[in-house]
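Source file: work.csv. Holds: CSV, C-alpha atoms.
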```csv
chain,number,residue,atom,x,y,z
A,215,MET,CA,-2.6,-30.9,24.4
A,216,LYS,CA,-2.4,-27.4,23.1
A,217,HIS,CA,-1.2,-24.6,25.4
A,218,LYS,CA,-3.4,-22.0,26.9
A,219,LEU,CA,-3.5,-18.9,24.9
A,220,THR,CA,-1.9,-15.8,26.5
A,221,LYS,CA,-3.7,-12.5,26.7
A,222,TYR,CA,-1.8,-11.1,23.7
A,223,GLU,CA,-2.7,-14.2,21.7
A,224,LEU,CA,-6.3,-14.0,22.7
A,225,PHE,CA,-6.6,-10.4,21.8
A,226,GLY,CA,-4.9,-10.9,18.4
A,227,SER,CA,-7.0,-14.0,17.6
A,228,LEU,CA,-10.3,-12.6,18.8
A,229,ALA,CA,-10.1,-9.0,17.5
A,230,PHE,CA,-11.7,-9.8,14.2
A,231,PRO,CA,-14.5,-12.1,15.3
A,232,VAL,CA,-15.5,-9.8,18.2
A,233,GLY,CA,-15.3,-6.7,16.0
A,234,ILE,CA,-17.5,-8.4,13.4
A,235,MET,CA,-20.0,-9.4,16.1
A,236,VAL,CA,-20.1,-5.8,17.5
A,237,TRP,CA,-20.5,-4.4,13.9
A,238,ALA,CA,-23.3,-6.8,13.0
A,239,ALA,CA,-25.2,-6.1,16.2
A,240,TYR,CA,-24.8,-2.4,15.7
A,241,LYS,CA,-26.0,-2.5,12.1
A,242,TYR,CA,-29.0,-4.7,13.0
A,243,ILE,CA,-30.0,-2.5,16.0
A,244,SER,CA,-29.5,0.8,14.2
A,245,GLY,CA,-31.6,-0.6,11.3
A,246,SER,CA,-34.2,-1.6,13.8
A,247,PHE,CA,-34.4,2.0,15.1
A,248,ALA,CA,-34.8,3.2,11.5
A,249,LEU,CA,-37.6,0.8,10.8
A,250,GLY,CA,-39.2,1.1,14.2
A,251,ASP,CA,-39.1,-2.6,15.2
A,252,LEU,CA,-36.8,-5.6,15.5
A,253,ALA,CA,-38.6,-7.6,12.8
A,254,ILE,CA,-36.7,-8.8,9.8
A,255,HIS,CA,-38.4,-7.2,6.9
A,256,PHE,CA,-35.7,-7.6,4.3
A,257,MET,CA,-33.1,-10.2,3.3
A,258,HIS,CA,-30.4,-7.6,4.0
A,259,ARG,CA,-31.4,-7.6,7.7
A,260,TRP,CA,-30.8,-11.4,7.7
A,261,SER,CA,-27.3,-10.8,6.5
A,262,TYR,CA,-26.4,-9.2,9.9
A,263,ILE,CA,-27.7,-12.3,11.7
A,264,ILE,CA,-25.8,-14.6,9.4
A,265,VAL,CA,-22.6,-12.6,9.6
A,266,PHE,CA,-22.9,-12.5,13.4
A,267,ALA,CA,-23.2,-16.3,13.6
A,268,VAL,CA,-20.9,-17.5,10.8
A,269,CYS,CA,-18.2,-14.8,10.8
A,270,GLY,CA,-18.3,-13.8,14.5
A,271,VAL,CA,-19.4,-16.6,16.7
A,272,LEU,CA,-18.0,-19.5,14.7
A,273,PRO,CA,-14.4,-18.2,14.7
A,274,LEU,CA,-14.7,-17.1,18.3
A,275,LEU,CA,-15.8,-20.6,19.4
A,276,LEU,CA,-13.1,-22.3,17.3
A,277,THR,CA,-10.5,-20.1,18.8
A,278,LEU,CA,-11.6,-20.6,22.3
A,279,ILE,CA,-12.5,-24.3,22.2
A,280,MET,CA,-9.7,-25.5,19.9
A,281,ARG,CA,-7.2,-22.9,21.1
A,282,ILE,CA,-6.3,-21.8,17.6
A,283,ASP,CA,-3.8,-18.9,17.7
A,284,THR,CA,-4.1,-16.5,14.8
A,285,SER,CA,-2.6,-13.5,16.6
A,286,GLU,CA,0.6,-13.6,14.5
A,287,HIS,CA,-1.5,-13.0,11.4
A,288,PHE,CA,-3.3,-10.0,12.9
A,289,LEU,CA,-1.3,-7.3,11.0
A,290,PRO,CA,-1.6,-9.0,7.5
A,291,ARG,CA,-5.3,-9.5,8.1
A,292,LEU,CA,-5.7,-5.9,9.0
A,293,MET,CA,-3.7,-4.7,6.0
A,294,ILE,CA,-5.7,-6.8,3.6
A,295,SER,CA,-9.0,-5.6,5.1
A,296,LEU,CA,-7.9,-1.9,5.0
A,297,PHE,CA,-6.7,-2.2,1.3
A,298,THR,CA,-10.0,-3.8,0.4
A,299,LEU,CA,-11.9,-1.1,2.1
A,300,ALA,CA,-9.7,1.5,0.4
A,301,ALA,CA,-10.2,-0.1,-3.0
A,302,VAL,CA,-14.0,-0.3,-2.7
A,303,SER,CA,-14.1,3.3,-1.5
A,304,ILE,CA,-11.9,4.7,-4.2
A,305,ALA,CA,-13.7,2.7,-6.9
A,306,GLY,CA,-17.0,4.1,-5.5
A,307,GLU,CA,-15.8,7.6,-6.0
A,308,PHE,CA,-14.7,7.2,-9.6
A,309,LEU,CA,-17.3,4.7,-11.0
A,310,ASP,CA,-20.9,5.2,-11.9
A,311,PHE,CA,-23.4,3.8,-9.3
A,312,GLY,CA,-24.6,1.1,-11.7
A,313,VAL,CA,-21.1,0.0,-12.6
A,314,MET,CA,-20.1,0.1,-8.9
A,315,MET,CA,-22.8,-2.3,-7.9
A,316,ILE,CA,-21.1,-4.9,-10.0
A,317,ALA,CA,-17.5,-3.8,-9.3
A,318,GLU,CA,-18.0,-3.9,-5.6
A,319,GLY,CA,-18.8,-7.6,-5.7
A,320,ILE,CA,-15.8,-8.3,-8.0
A,321,LEU,CA,-13.5,-6.4,-5.7
A,322,LEU,CA,-14.7,-8.3,-2.7
A,323,LEU,CA,-14.3,-11.6,-4.4
A,324,ILE,CA,-10.7,-10.7,-5.5
A,325,SER,CA,-10.0,-9.8,-1.9
A,326,LEU,CA,-11.4,-13.1,-0.6
A,327,VAL,CA,-9.3,-15.1,-3.1
A,328,PHE,CA,-6.2,-13.1,-2.4
A,329,SER,CA,-6.6,-13.5,1.4
A,330,GLY,CA,-7.2,-17.2,1.0
A,331,LEU,CA,-4.2,-17.7,-1.2
A,332,PHE,CA,-2.0,-15.4,0.9
A,333,PHE,CA,-2.6,-17.4,4.1
A,334,HIS,CA,-2.2,-20.7,2.1
A,335,ILE,CA,0.9,-19.9,0.0
A,336,ALA,CA,2.7,-16.8,1.2
A,337,ARG,CA,2.2,-17.2,4.9
A,338,PRO,CA,1.1,-20.8,5.3
A,339,VAL,CA,-1.0,-21.6,8.3
A,340,LYS,CA,-2.6,-24.8,9.5
A,341,LEU,CA,-6.0,-25.7,8.1
A,342,SER,CA,-7.7,-24.9,11.4
A,343,GLY,CA,-6.1,-21.5,11.5
A,344,TRP,CA,-6.9,-20.9,7.9
A,345,ILE,CA,-10.6,-21.7,8.5
A,346,VAL,CA,-10.7,-19.2,11.4
A,347,ILE,CA,-9.0,-16.5,9.3
A,348,PHE,CA,-11.3,-17.1,6.4
A,349,PHE,CA,-14.5,-17.0,8.4
A,350,GLY,CA,-13.3,-14.0,10.4
A,351,ASN,CA,-12.5,-12.0,7.3
A,352,PRO,CA,-14.2,-8.6,7.0
A,353,SER,CA,-14.2,-9.0,3.2
A,354,LEU,CA,-16.4,-12.1,3.7
A,355,VAL,CA,-18.7,-10.1,6.0
A,356,HIS,CA,-19.0,-7.3,3.4
A,357,PHE,CA,-19.6,-9.9,0.6
A,358,ILE,CA,-22.4,-11.6,2.5
A,359,CYS,CA,-24.1,-8.3,3.2
A,360,TYR,CA,-23.5,-7.2,-0.5
A,361,VAL,CA,-25.1,-10.4,-1.9
A,362,MET,CA,-28.1,-10.1,0.5
A,363,GLN,CA,-28.6,-6.4,-0.4
A,364,MET,CA,-28.5,-7.2,-4.1
A,365,SER,CA,-31.2,-9.8,-3.5
A,366,ASP,CA,-33.3,-7.1,-1.9
A,367,ILE,CA,-32.7,-4.7,-4.7
A,368,LYS,CA,-33.6,-7.3,-7.3
A,369,GLU,CA,-36.8,-8.2,-5.5
A,370,LEU,CA,-37.7,-4.5,-5.1
A,371,ILE,CA,-37.2,-3.9,-8.8
A,372,GLN,CA,-39.4,-6.9,-9.7
A,373,GLN,CA,-42.1,-5.7,-7.3
A,374,LEU,CA,-42.1,-2.2,-8.7
A,375,ASN,CA,-41.9,-3.6,-12.3
A,376,ILE,CA,-39.1,-1.2,-13.1
A,377,THR,CA,-37.5,-1.5,-16.5
A,378,PHE,CA,-34.3,0.2,-17.6
A,379,ASN,CA,-34.1,1.5,-21.1
```

Starting from the file, lay out its structure as structure tokens.
Amino acid sequence: MKHKLTKYELFGSLAFPVGIMVWAAYKYISGSFALGDLAIHFMHRWSYIIVFAVCGVLPLLLTLIMRIDTSEHFLPRLMISLFTLAAVSIAGEFLDFGVMMIAEGILLLISLVFSGLFFHIARPVKLSGWIVIFFGNPSLVHFICYVMQMSDIKELIQQLNITFN
């Protein structure tokens, strides 16, 4: 039987899932105030619900029920997340908006692949720990929201019959 997680291990293991859940709830509620109701008008609003469940609740439950300790990987996860955020932000400053729409998705995919390989090859973890780390990855959160937002933009362009020359 696995040992009970200490307070330090719980904090390190649950920081990302809880942070993701708080962020998703904040974004959904703040969007609700902007639109005036809690109804889901756009696919992008669904992304916050999906992120809350898949990237927040699932890793949280796996950590608590299966006692998966990922606290020793907190700092590398934080560094990968911060470097990804910095890369996307810096690219956004130097690239045109149209190019950045594509580049953002590519940067997020690179981050997801790098993170997955890093925790598989450079700092190997058990499969259960790798799954918790993958699903509790802020880059995955950002990528899900990015894909859903692009879906809304594509639909809006088709509805407005906008053509780019």

Atom CA of A:Val268 to atom CA of A:Glu318, distance in Å rounded to a single decimal:
21.5 Å

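When atom CA of A:Ile324 is paired with atom CA of A:Leu224, their separation reads 28.7 Å.
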
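For the atom pair formed by atom CA of A:Ser285 and atom CA of A:Phe225, the distance is 7.3 Å, given to one decimal.
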
So which residues touch A:Lys218 within 10 Å, counting only C-alpha atoms, skipping near sequence neighbours fewer than 2 positions away, as a list of chain:residue names?
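Listing them by chain and then by number gives A:Met215, A:Lys216, A:Thr220, A:Lys221, A:Glu223, A:Leu224, A:Leu278, A:Arg281, A:Ile282, A:Asp283.
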
Mind dumping a table of every stretch 351-372 of chain A residue within 12 Å of stretch 329-344 of chain A, with the nearest atom pair and its distance in Å to one decimal, using all atoms listed in the file, sorted by chain and rising number, as a Markdown table?
```
| residue | atom | partner | partner_atom | distance |
| --- | --- | --- | --- | --- |
| A:Asn351 | CA | A:Ser329 | CA | 8.5 |
| A:Pro352 | CA | A:Ser329 | CA | 10.6 |
| A:Ser353 | CA | A:Ser329 | CA | 9.0 |
| A:Leu354 | CA | A:Ser329 | CA | 10.2 |
```

Can you write out as CSV which residues of stretch 230-340 of chain A fall within 7 Å of stretch 356-371 of chain A, alongside each residue's closest atom pair and its distance in Å to one decimal, counting all atoms listed in the file and ordering rows by chain and ascending residue number?
```
residue,atom,partner,partner_atom,distance
A:Phe256,CA,A:Asp366,CA,6.7
A:Met257,CA,A:Met362,CA,5.7
A:His258,CA,A:Met362,CA,4.9
A:Ser261,CA,A:Cys359,CA,5.2
A:Gly319,CA,A:Phe357,CA,6.8
A:Leu322,CA,A:Phe357,CA,6.1
```

A:Leu219, A:Val327, A:Met293, A:Gly350: which is nearest A:Met280, counting only C-alpha atoms?
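Checking each candidate against A:Met280, we get A:Leu219 as the closest.
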
Calculated over all atoms listed in the file, which of the candidates A:Ser325, A:Val271, A:Tyr242, A:Ile234 has the smallest distance to A:Leu299?
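Closest candidate: A:Ser325.
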
Nearest to A:Pro290: which of A:Leu272, A:Leu228, A:Val355, A:Ile347 is it, counting only C-alpha atoms?
A:Ile347
